[in-house]
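Chemist: What follows is the file model-v3.cif, containing mmCIF, C-alpha atoms:
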```
data_run
#
loop_
_atom_site.label_atom_id
_atom_site.label_comp_id
_atom_site.auth_asym_id
_atom_site.auth_seq_id
_atom_site.Cartn_x
_atom_site.Cartn_y
_atom_site.Cartn_z
CA MET A 568 109.50 104.04 126.66
CA LEU A 569 106.58 101.78 125.87
CA ALA A 570 105.60 100.90 122.33
CA LYS A 571 102.12 102.37 122.68
CA LYS A 572 103.78 105.77 122.89
CA CYS A 573 105.83 105.13 119.75
CA LEU A 574 103.92 103.02 117.29
CA LEU A 575 100.70 104.00 115.63
CA PRO A 576 97.46 102.61 117.06
CA VAL A 577 96.23 99.27 115.79
CA VAL A 578 92.73 98.31 114.67
CA ARG A 579 91.41 95.00 113.43
CA ASP A 580 89.06 94.43 110.53
CA GLY A 581 86.41 91.74 110.16
CA ALA A 582 89.03 89.21 109.10
CA ASN A 583 91.02 89.92 112.28
CA ARG A 584 93.81 91.53 110.29
CA MET A 585 95.79 94.29 111.98
CA HIS A 586 96.18 97.75 110.52
CA PHE A 587 98.14 100.70 111.87
CA CYS A 588 96.14 103.92 111.83
CA SER A 589 97.70 107.15 110.69
CA SER A 590 96.68 110.76 110.44
CA ALA A 591 99.01 111.10 107.46
CA THR A 592 98.79 109.21 104.20
CA GLY A 593 100.99 108.71 101.18
CA LYS A 594 104.72 108.81 100.81
CA ASP A 595 105.25 111.62 103.29
CA ARG A 596 105.69 109.23 106.20
CA PHE A 597 108.48 106.82 107.19
CA PRO A 598 107.31 103.45 108.60
CA LEU A 599 109.58 103.81 111.66
CA GLU A 600 109.03 107.52 112.22
CA GLY A 601 109.41 108.25 115.94
CA ILE A 602 111.36 105.09 116.76
CA LYS A 603 114.75 105.71 118.40
CA ILE A 604 117.64 103.25 118.12
CA LEU A 605 120.59 103.13 120.52
CA ASP A 606 123.27 101.61 118.29
CA LEU A 607 126.28 100.08 120.06
CA THR A 608 127.41 98.09 117.01
CA ARG A 609 130.55 98.14 114.89
CA ILE A 610 131.96 96.53 111.70
CA VAL A 611 129.22 95.11 109.40
CA ALA A 612 126.36 92.93 110.70
CA GLY A 613 125.14 95.34 113.38
CA PRO A 614 125.67 98.56 111.43
CA TYR A 615 123.92 97.05 108.40
CA CYS A 616 120.92 96.20 110.60
CA THR A 617 120.67 99.69 112.08
CA MET A 618 121.23 101.29 108.67
CA VAL A 619 118.16 99.48 107.30
CA LEU A 620 116.17 100.71 110.30
CA GLY A 621 117.50 104.22 109.65
CA ASP A 622 116.41 104.04 106.00
CA LEU A 623 112.90 103.37 107.32
CA GLY A 624 112.94 106.55 109.35
CA ALA A 625 114.22 105.45 112.76
CA GLU A 626 116.47 107.91 114.59
CA VAL A 627 119.75 106.01 115.00
CA TYR A 628 122.30 107.12 117.62
CA LYS A 629 125.58 105.41 116.74
CA ILE A 630 127.65 105.19 119.93
CA GLU A 631 131.38 105.16 119.11
CA ARG A 632 134.59 105.04 121.10
CA PRO A 633 136.04 108.52 121.60
CA PHE A 634 139.05 109.25 119.37
CA ALA A 635 138.81 105.82 117.66
CA GLY A 636 135.27 105.11 116.53
CA ASP A 637 133.94 102.14 114.61
CA GLU A 638 136.88 99.95 113.57
CA SER A 639 135.67 99.94 109.97
CA ARG A 640 136.44 103.67 109.70
CA LYS A 641 140.07 102.59 109.34
CA TRP A 642 139.46 99.71 106.89
CA GLY A 643 141.18 101.20 103.87
CA PRO A 644 142.45 102.05 101.41
CA PRO A 645 140.51 103.42 99.72
CA PHE A 646 139.58 106.35 101.94
CA MET A 647 137.22 109.23 101.28
CA ARG A 648 138.99 112.19 99.71
CA ASN A 649 140.22 114.69 102.35
CA SER A 650 138.98 112.38 105.10
CA THR A 651 140.37 109.71 107.43
CA ASP A 652 137.21 107.63 107.01
CA SER A 653 137.38 104.58 104.77
CA VAL A 654 135.10 104.07 101.81
CA TYR A 655 134.21 100.76 103.51
CA PHE A 656 132.62 102.65 106.43
CA MET A 657 130.43 104.58 103.99
CA ALA A 658 128.64 101.38 102.94
CA ALA A 659 126.76 100.62 106.16
CA ASN A 660 126.42 103.79 108.23
CA ARG A 661 124.13 106.27 106.51
CA ASN A 662 121.12 107.80 108.29
CA LYS A 663 122.85 107.77 111.68
CA LYS A 664 124.12 110.25 114.25
CA SER A 665 127.60 109.66 115.70
CA VAL A 666 127.83 110.12 119.46
CA CYS A 667 131.18 109.40 121.10
CA VAL A 668 130.86 107.94 124.62
CA ASN A 669 133.37 105.90 126.60
CA LEU A 670 131.34 102.88 127.70
CA LYS A 671 133.58 102.26 130.72
CA THR A 672 133.27 105.73 132.20
CA GLY A 673 130.10 107.02 130.56
CA ARG A 674 127.58 104.29 131.23
CA GLU A 675 125.25 106.75 132.99
CA ILE A 676 124.89 108.48 129.64
CA ILE A 677 123.99 105.16 128.04
CA TYR A 678 121.41 104.57 130.79
CA GLU A 679 119.79 107.93 130.06
CA LEU A 680 119.80 107.25 126.32
CA ALA A 681 118.25 103.82 126.92
CA LYS A 682 115.35 105.46 128.72
CA LYS A 683 114.73 107.65 125.67
CA CYS A 684 115.09 104.90 123.07
CA ASP A 685 112.93 102.05 121.84
CA VAL A 686 115.65 99.67 120.68
CA LEU A 687 119.25 98.92 121.69
CA VAL A 688 121.42 96.94 119.27
CA GLU A 689 124.88 95.67 120.25
CA ASN A 690 127.39 93.19 118.84
CA TYR A 691 129.88 92.56 121.63
CA VAL A 692 131.09 89.12 122.71
CA PRO A 693 128.56 87.70 125.25
CA GLY A 694 129.39 88.91 128.74
CA LYS A 695 131.40 91.96 127.66
CA LEU A 696 128.62 94.48 128.25
CA ASP A 697 127.50 92.67 131.41
CA GLY A 698 130.92 93.46 132.85
CA LEU A 699 130.39 97.14 132.02
CA GLY A 700 126.95 97.27 133.61
CA LEU A 701 125.30 97.51 130.20
CA GLY A 702 123.98 93.97 129.79
CA TYR A 703 120.30 93.22 129.30
CA GLU A 704 119.60 92.24 132.90
CA THR A 705 120.75 95.69 134.01
CA ILE A 706 119.26 97.69 131.16
CA LYS A 707 115.80 96.12 131.46
CA THR A 708 115.50 97.44 135.03
CA ILE A 709 116.26 100.93 133.72
CA ALA A 710 114.18 100.75 130.52
CA PRO A 711 111.69 97.85 130.74
CA GLY A 712 110.11 98.73 127.41
CA LEU A 713 113.40 98.55 125.51
CA VAL A 714 113.92 95.93 122.78
CA TYR A 715 117.52 94.77 123.35
CA CYS A 716 119.07 93.00 120.35
CA SER A 717 122.40 91.20 120.74
CA ILE A 718 124.23 90.24 117.54
CA THR A 719 127.05 87.79 118.24
CA GLY A 720 129.19 85.21 116.50
CA PHE A 721 127.69 82.10 118.09
CA GLY A 722 124.88 83.18 120.41
CA SER A 723 124.60 83.53 124.18
CA GLU A 724 124.47 79.79 124.87
CA GLY A 725 126.50 76.74 123.88
CA PRO A 726 130.21 75.86 123.94
CA TYR A 727 131.11 78.49 121.33
CA ARG A 728 129.35 81.40 123.05
CA SER A 729 132.60 83.18 123.99
CA LYS A 730 134.22 82.86 120.57
CA PRO A 731 134.55 86.11 118.63
CA GLY A 732 132.44 86.19 115.48
CA TYR A 733 133.68 87.00 112.00
CA ASP A 734 131.87 86.53 108.74
CA VAL A 735 134.39 84.17 107.12
CA ILE A 736 134.62 81.97 110.25
CA ALA A 737 130.85 81.62 110.49
CA ALA A 738 130.74 80.93 106.74
CA SER A 739 133.44 78.28 107.18
CA MET A 740 131.94 76.54 110.18
CA GLY A 741 128.40 76.95 108.86
CA GLY A 742 129.13 75.13 105.60
CA LEU A 743 129.03 77.99 103.10
CA LEU A 744 132.69 77.71 102.11
CA HIS A 745 132.30 73.94 101.74
CA ILE A 746 129.79 74.49 98.92
CA THR A 747 131.38 77.58 97.36
CA GLY A 748 134.07 77.40 94.69
CA SER A 749 134.78 75.45 91.51
CA GLU A 750 133.91 71.76 91.47
CA ASN A 751 137.48 70.49 91.64
CA GLY A 752 139.04 73.49 93.36
CA PRO A 753 139.55 74.64 96.94
CA PRO A 754 136.83 76.33 99.02
CA ALA A 755 136.18 79.96 98.11
CA LYS A 756 134.95 82.90 100.15
CA VAL A 757 131.94 84.78 98.81
CA GLY A 758 133.04 88.16 97.48
CA ILE A 759 131.18 90.13 100.16
CA ALA A 760 130.46 89.50 103.84
CA ILE A 761 127.18 87.81 102.98
CA THR A 762 126.81 86.05 106.37
CA ASP A 763 127.14 89.42 108.12
CA ILE A 764 124.54 90.93 105.79
CA ALA A 765 122.10 88.03 106.28
CA THR A 766 122.53 88.32 110.06
CA GLY A 767 121.87 92.05 109.94
CA LEU A 768 118.70 91.44 107.93
CA TYR A 769 117.52 88.72 110.33
CA ALA A 770 118.14 91.12 113.22
CA HIS A 771 116.25 93.92 111.48
CA GLY A 772 113.23 91.67 110.98
CA ALA A 773 113.38 90.39 114.55
CA ILE A 774 113.46 93.94 115.89
CA LEU A 775 110.38 94.92 113.90
CA ALA A 776 108.54 91.82 115.18
CA ALA A 777 109.54 92.63 118.77
CA LEU A 778 108.30 96.20 118.39
CA LEU A 779 104.98 94.89 117.14
CA GLN A 780 104.73 92.50 120.10
CA ARG A 781 105.68 95.32 122.47
CA HIS A 782 102.75 97.28 121.14
CA ARG A 783 100.49 94.47 122.38
CA THR A 784 102.21 93.78 125.71
CA GLY A 785 103.91 97.03 126.65
CA ARG A 786 107.08 95.09 127.45
CA GLY A 787 110.47 94.97 125.81
CA GLN A 788 112.54 91.82 125.42
CA LYS A 789 115.97 90.49 124.57
CA ILE A 790 116.68 89.20 121.06
CA ASP A 791 119.66 86.97 120.29
CA VAL A 792 120.86 86.81 116.68
CA ASN A 793 124.16 85.21 115.68
CA LEU A 794 126.26 84.68 112.58
CA PHE A 795 126.66 80.92 112.96
CA SER A 796 122.97 80.07 113.32
CA THR A 797 122.12 82.49 110.53
CA GLN A 798 124.57 80.82 108.19
CA VAL A 799 123.27 77.33 108.98
CA ALA A 800 119.70 78.56 108.41
CA CYS A 801 120.74 80.01 105.05
CA LEU A 802 121.84 76.59 103.77
CA ILE A 803 118.15 75.98 102.89
CA ASN A 804 117.89 73.14 100.32
CA VAL A 805 121.49 72.00 100.88
CA ALA A 806 120.73 71.47 104.56
CA SER A 807 117.45 69.75 103.73
CA ASN A 808 119.23 67.39 101.32
CA TYR A 809 121.55 66.27 104.09
CA LEU A 810 119.05 66.16 106.95
CA ASN A 811 116.35 64.32 105.05
CA ALA A 812 118.22 62.35 102.39
CA GLY A 813 121.66 61.94 103.96
CA LYS A 814 123.22 63.61 100.93
CA GLU A 815 126.54 65.35 101.56
CA ALA A 816 127.04 68.63 99.72
CA LYS A 817 129.82 69.53 97.30
CA ARG A 818 131.07 72.51 95.35
CA TRP A 819 129.49 73.16 91.97
CA GLY A 820 131.09 76.42 90.88
CA THR A 821 128.32 78.36 89.13
CA ALA A 822 126.41 75.17 88.30
CA HIS A 823 123.27 73.85 90.00
CA GLU A 824 123.11 70.41 91.56
CA SER A 825 119.56 69.66 90.44
CA ILE A 826 119.00 71.73 87.28
CA VAL A 827 120.88 71.46 83.95
CA PRO A 828 121.80 73.71 82.26
CA TYR A 829 122.09 76.28 85.04
CA GLU A 830 125.55 77.89 85.16
CA ALA A 831 127.96 80.39 83.62
CA PHE A 832 129.35 79.89 80.13
CA GLU A 833 132.39 81.59 78.65
CA THR A 834 131.96 83.79 75.58
CA GLN A 835 134.52 85.54 73.41
CA THR A 836 134.52 88.53 75.76
CA GLY A 837 133.42 87.29 79.18
CA PHE A 838 130.84 85.04 80.80
CA ILE A 839 127.07 84.71 80.67
CA THR A 840 124.96 82.88 83.23
CA LEU A 841 121.81 81.16 82.11
CA GLY A 842 119.39 78.61 83.49
CA CYS A 843 116.61 76.40 82.20
CA GLY A 844 114.13 75.42 84.88
CA SER A 845 111.74 73.68 82.51
CA ASP A 846 111.76 71.64 79.30
CA ALA A 847 110.11 74.56 77.49
CA GLN A 848 112.91 76.89 78.54
CA PHE A 849 115.49 74.36 77.40
CA ALA A 850 113.80 74.15 74.01
CA SER A 851 113.90 77.94 73.78
CA LEU A 852 117.63 77.94 74.56
CA CYS A 853 118.34 75.32 71.91
CA ASN A 854 116.39 77.32 69.35
CA LEU A 855 118.30 80.55 70.11
CA LEU A 856 121.61 78.69 70.01
CA GLY A 857 120.74 77.50 66.49
CA MET A 858 120.56 73.90 67.71
CA LYS A 859 116.82 73.24 67.72
CA GLU A 860 117.35 69.51 67.31
CA LEU A 861 119.23 69.32 70.62
CA ALA A 862 115.95 69.62 72.52
CA GLN A 863 114.80 66.39 70.87
CA ASP A 864 117.94 64.45 71.72
CA GLU A 865 116.97 61.43 73.81
CA ARG A 866 119.68 62.28 76.34
CA PHE A 867 118.24 65.74 77.03
CA LEU A 868 114.47 65.31 76.78
CA CYS A 869 113.78 66.16 80.44
CA ASN A 870 115.68 67.71 83.32
CA GLN A 871 116.29 64.37 84.98
CA LYS A 872 118.02 63.11 81.84
CA ARG A 873 119.91 66.37 81.42
CA VAL A 874 121.26 66.00 84.96
CA SER A 875 122.34 62.43 84.15
CA HIS A 876 124.08 63.61 80.99
CA ARG A 877 125.36 66.88 82.44
CA GLN A 878 128.91 66.69 81.06
CA GLU A 879 127.88 65.95 77.47
CA LEU A 880 125.28 68.73 77.38
CA ILE A 881 127.46 71.38 79.06
CA ALA A 882 130.32 70.61 76.64
CA ILE A 883 128.00 71.14 73.65
CA ILE A 884 126.59 74.42 74.95
CA ALA A 885 130.02 75.69 76.04
CA ASP A 886 131.43 75.13 72.56
CA VAL A 887 128.64 77.15 70.95
CA MET A 888 128.77 80.00 73.49
CA LYS A 889 132.45 80.63 72.79
CA ARG A 890 131.67 81.54 69.17
CA LYS A 891 130.19 84.97 69.95
CA SER A 892 130.77 87.90 72.31
CA SER A 893 128.68 88.48 75.40
CA LYS A 894 126.98 91.45 73.73
CA GLU A 895 126.09 89.40 70.65
CA TRP A 896 124.60 86.65 72.80
CA MET A 897 122.64 89.08 74.97
CA ASP A 898 121.17 90.64 71.83
CA ILE A 899 120.08 87.16 70.72
CA PHE A 900 118.74 86.35 74.18
CA LYS A 901 116.55 89.46 74.38
CA VAL A 902 113.54 87.30 73.48
CA ALA A 903 114.56 84.43 75.76
CA SER A 904 111.97 82.82 78.01
CA PHE A 905 114.71 81.56 80.34
CA PRO A 906 116.67 83.62 82.89
CA VAL A 907 119.97 84.91 81.49
CA GLY A 908 122.47 87.65 82.26
CA PRO A 909 126.13 88.57 81.84
CA ILE A 910 128.63 88.36 84.70
CA ASN A 911 129.30 92.06 85.15
CA SER A 912 132.30 93.90 86.54
CA MET A 913 131.58 96.74 88.98
CA LYS A 914 131.92 99.19 86.07
CA GLU A 915 129.36 97.24 84.08
CA VAL A 916 127.01 96.93 87.07
CA PHE A 917 126.83 100.67 87.64
CA GLU A 918 126.74 101.55 83.95
CA ASP A 919 123.83 99.15 83.43
CA HIS A 920 120.93 101.11 81.96
CA HIS A 921 118.44 99.45 84.32
CA VAL A 922 120.43 100.40 87.44
CA GLN A 923 120.61 103.96 86.13
CA ALA A 924 116.95 104.08 85.12
CA ILE A 925 115.66 103.15 88.59
CA GLY A 926 118.02 105.58 90.32
CA LEU A 927 119.47 102.99 92.67
CA VAL A 928 122.69 104.96 93.24
CA LYS A 929 122.32 108.22 95.14
CA THR A 930 124.83 111.08 95.12
CA LEU A 931 124.90 113.27 98.22
CA PRO A 932 127.10 116.19 99.30
CA HIS A 933 129.98 115.39 101.68
CA PRO A 934 131.60 118.14 103.78
CA LEU A 935 135.17 116.94 103.12
CA ALA A 936 135.09 114.79 99.99
CA GLY A 937 132.71 117.00 98.04
CA LYS A 938 130.26 114.20 97.36
CA VAL A 939 129.63 110.57 98.20
CA LYS A 940 127.80 107.93 96.16
CA LEU A 941 125.73 105.34 98.00
CA VAL A 942 123.59 102.42 96.86
CA GLY A 943 120.11 103.25 98.08
CA PRO A 944 117.54 100.96 99.71
CA PRO A 945 116.42 98.16 97.34
CA VAL A 946 112.87 98.08 98.76
CA VAL A 947 110.23 100.50 97.49
CA TYR A 948 107.07 101.19 99.52
CA GLY A 949 103.89 102.32 97.82
CA GLU A 950 102.65 104.31 100.81
CA ALA A 951 105.78 105.16 102.77
CA ARG A 952 109.29 106.58 102.52
CA ASN A 953 112.44 104.44 102.61
CA GLU A 954 115.44 106.47 101.60
CA ILE A 955 118.81 108.01 102.36
CA MET A 956 118.34 111.15 104.40
CA SER A 957 121.90 111.74 105.57
CA ILE A 958 125.38 110.54 104.72
CA PRO A 959 127.47 108.45 107.15
CA PRO A 960 128.50 110.76 110.00
CA GLN A 961 131.94 112.00 110.93
CA LEU A 962 133.26 110.69 114.24
CA GLY A 963 131.49 112.43 117.13
CA GLN A 964 129.64 114.77 114.79
CA HIS A 965 126.41 114.67 116.79
CA THR A 966 127.65 114.26 120.37
CA ASN A 967 126.72 117.79 121.46
CA GLU A 968 123.44 117.75 119.56
CA VAL A 969 122.21 114.50 121.13
CA LEU A 970 123.39 115.19 124.68
CA SER A 971 121.89 118.67 124.72
CA GLY A 972 118.82 118.11 122.56
CA LEU A 973 117.75 114.63 123.69
CA LEU A 974 119.13 114.47 127.24
CA GLY A 975 119.03 118.15 128.13
CA TYR A 976 122.69 118.49 129.12
CA GLY A 977 123.99 121.99 129.53
CA GLU A 978 127.07 123.40 127.80
CA LYS A 979 129.21 123.30 130.96
CA GLN A 980 128.20 119.71 131.71
CA ILE A 981 129.14 118.65 128.19
CA GLU A 982 132.49 120.41 128.36
CA LEU A 983 133.29 118.74 131.69
CA LEU A 984 132.52 115.32 130.21
CA ARG A 985 134.73 116.14 127.26
CA LYS A 986 137.55 117.32 129.50
CA ASP A 987 137.41 114.00 131.37
CA LYS A 988 137.47 112.19 128.01
CA ILE A 989 134.15 110.49 128.72
CA ILE A 990 132.85 111.88 125.43
CA GLN A 991 134.34 113.36 122.30
#
```
Please express what this file holds, its structure, as C-alpha cells.
Modeler:
Amino acid sequence: MLAKKCLLPVVRDGANRMHFCSSATGKDRFPLEGIKILDLTRIVAGPYCTMVLGDLGAEVYKIERPFAGDESRKWGPPFMRNSTDSVYFMAANRNKKSVCVNLKTGREIIYELAKKCDVLVENYVPGKLDGLGLGYETIKTIAPGLVYCSITGFGSEGPYRSKPGYDVIAASMGGLLHITGSENGPPAKVGIAITDIATGLYAHGAILAALLQRHRTGRGQKIDVNLFSTQVACLINVASNYLNAGKEAKRWGTAHESIVPYEAFETQTGFITLGCGSDAQFASLCNLLGMKELAQDERFLCNQKRVSHRQELIAIIADVMKRKSSKEWMDIFKVASFPVGPINSMKEVFEDHHVQAIGLVKTLPHPLAGKVKLVGPPVVYGEARNEIMSIPPQLGQHTNEVLSGLLGYGEKQIELLRKDKIIQ
C-alpha cells in the first residue's frame, strides 16, 4: 500500500511549507487515521512505540504467539484481577488488536497482512525473521510500500549485532549506569526501563518521518533503531563533555555537575528537589530560606564560585532544609522563581491535584477485572485526537475479526487454521 493512498494530500504555501489537507477539521480526527501497523514486537521498546502510534489513531495489529503471547503478559505479580495478564502488560499495549499467528507456520498470513498495512515493526534479534522468511528483503518484494522498522539491541551491523538487547544491558554499556547513583556509591539502575522507552520514542518518530517521505516517493524503506545507539545518543552533554573536553563522567546522585545548588535536600518528612540556574534564582532561594545574606557571601556570588564551593554551600542549605517538613517548605516555595518540587511516592504522584486536574489517568471498563486505570498520552493536540480508545487486548481477542474482516477469510478457513494451531 502506497502512502498516497493513506496520508492526506500535501500542499505548499508561499514559504514552501507543507500542509496536509483535510475535509474534516477540529478534534474529530486522529493524525494517523487510516494508517495500519503490523506489530511483531514484544516486551517494552517495540510495544511502547506501537502504543504511541495507536494513541494517534493508527490501527495496530499485535501479532502474538498462539497460547503464549507477549512475554510481558506473564511479568507479575501483580496481575489483573480475574485475569492471567500482568499489570505490567497493561502499561504498553492499549489501542491494539491481538491476533495470534504462529510465525513459523503462518507466514502466508503475515504476507497478506503486510500487503494491507503501512508499517511493520519488529524487535527480534537480527537474522531471526530472515530465517522465517519474514525479513525486510523478502517483505519488500511483497509490499514495496511498507515501512519496515526493526528495533534491536545493537543494530543490524557491527560486532554486537547478534547480541540480545535488554534495557539494563544497553544502559550499562551505553554509560547510563556509570553516571547514575550516589556520588560515592555503586552504579544504580534507573527505576524504569528508560532506554527502552527512549528507543520506542525514537522509533515512533522515525516511522512518522518515513511515512512522510513515502508520501513523496511512493516507496517504503527499512528503519533500524537500537537500544545501544539510543542510549549513547541520550548522553547529550555528558557525551559532549568527554568528546570535546576529554572530561570523564562520574556519578552525582541528584546533584548537577555544572549548577549549584541543583539537587535533592532532606526535610523532616521527605525530600525536596530544587535548582538555581541563575544568580537571581539563588538570591530568591536565600531569601525564602531566611538567609538573605548568603547571596552576598563572596564564596557564592556566582554559579562558578558556587560550584567551586559546592560542599560548603550544600551543607548550609541542607541544615536549614531539615528544620521543616516538605509541606511547610512547599508552602513557602509557592512564590519561588526557581524550579522546586517534592520527591513523590506513587501515592503522592497520583493524588497530586495537578495530575487529577488535567485528567492524565483514565479509567476504562475491563471485561474480567471490572476496570483498568491507564496513564493517558502526555501530548495534547489542538486540532486532533490523541487518546485511549481501547484497553490492552486479551490474548487472541481479535484473531477472527482481523482474518475475516481485513483478509476476507471464511469461517471454515479460520477453523482449519485454528485446528492446525497456526492461529489461536
Chemist: Expanded to explicit residues, what is the PyMOL selection byres ((chain A and resi 612) around 8) for this file, as a list in words?
Modeler: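 After applying the PyMOL selection byres ((chain A and resi 612) around 8), what remains is Arg609, Ile610, Val611, Gly613, Pro614, Tyr615, Cys616, Ile718, Asp763, Ile764, Ala765, Thr766 and Gly767 of chain A.
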Chemist: Expand the PyMOL selection byres ((chain A and resi 833) around 10) into the individual residues it matches in the shown file, reporting them as a list in words.
Modeler: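 Evaluating the PyMOL selection byres ((chain A and resi 833) around 10) on these coordinates yields Ala831, Phe832, Thr834, Gln835, Thr836, Gly837, Phe838, Ile839, Thr840, Ile884, Ala885, Asp886, Val887, Met888, Lys889, Arg890, Lys891, Ser892, Ser893, Pro909 and Ile910 of chain A.
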Chemist: If you apply the PyMOL selection byres ((chain A and resi 955-958) around 12) to this file, what residues do you get, as JSON, numbers by chain?
Modeler: {"A": [597, 618, 619, 620, 621, 622, 623, 624, 625, 626, 627, 656, 657, 658, 659, 660, 661, 662, 663, 664, 665, 927, 928, 929, 930, 931, 932, 933, 934, 935, 936, 937, 938, 939, 940, 941, 942, 943, 944, 945, 952, 953, 954, 959, 960, 961, 964]}
Chemist: What does the distance from atom CA of A:Gln798 to atom CA of A:Ala737 come to in Å, to one decimal?
Modeler: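 Taking atom CA of A:Gln798 as the start and atom CA of A:Ala737 as the end point, the length is 6.7 Å.
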Chemist: Residues at most 10 Å from A:Met740, counting only C-alpha atoms, excluding those fewer than 3 positions away in the same chain, as a list in words?
Modeler: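 Skipping anything fewer than 3 positions along the chain leaves Val735, Ile736, Ala737, Leu743, Leu744, His745, Phe795, Gln798 and Val799 of chain A.
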Chemist: Could you state the separation of atom CA of A:Gly601 and atom CA of A:Asn690 in Å, given to one decimal place?
Modeler: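 Between atom CA of A:Gly601 and atom CA of A:Asn690 the gap is 23.6 Å.
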Chemist: Please determine the residues with any atom at most 6 Å from (127.5, 101.5, 120.1) (coordinates as given in the file, with all atoms listed in the file counting) and report them as a list in words.
Modeler: Asp606, Leu607, Thr608, Lys629, Ile630 and Glu631 of chain A
Chemist: Record the distance separating atom CA of A:Thr719 and atom CA of A:Pro753, expressed in Å with one decimal.
Modeler: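 Atom CA of A:Pro753 lies 28.0 Å from atom CA of A:Thr719.
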Chemist: Point out the residue among A:Ile989, A:Ala847, A:Ile676, A:Val827 with the least atom-to-atom distance to A:Leu880, counting all atoms listed in the file.
Modeler: A:Val827
Chemist: Which one of A:Val654, A:Leu713, A:Leu868, A:Ala800 sits closest to A:Ser639 if you count only C-alpha atoms?
Modeler: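 Closest to A:Ser639 of all the choices is A:Val654.
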Chemist: Pick out the residues sitting within 9 Å of A:Val714, and hand them over as a PyMOL selection string; count all atoms listed in the file, and ignore anything fewer than 5 positions along from it in its own chain.
Modeler: chain A and resi 685-688+707+774+777-778+781+786-790
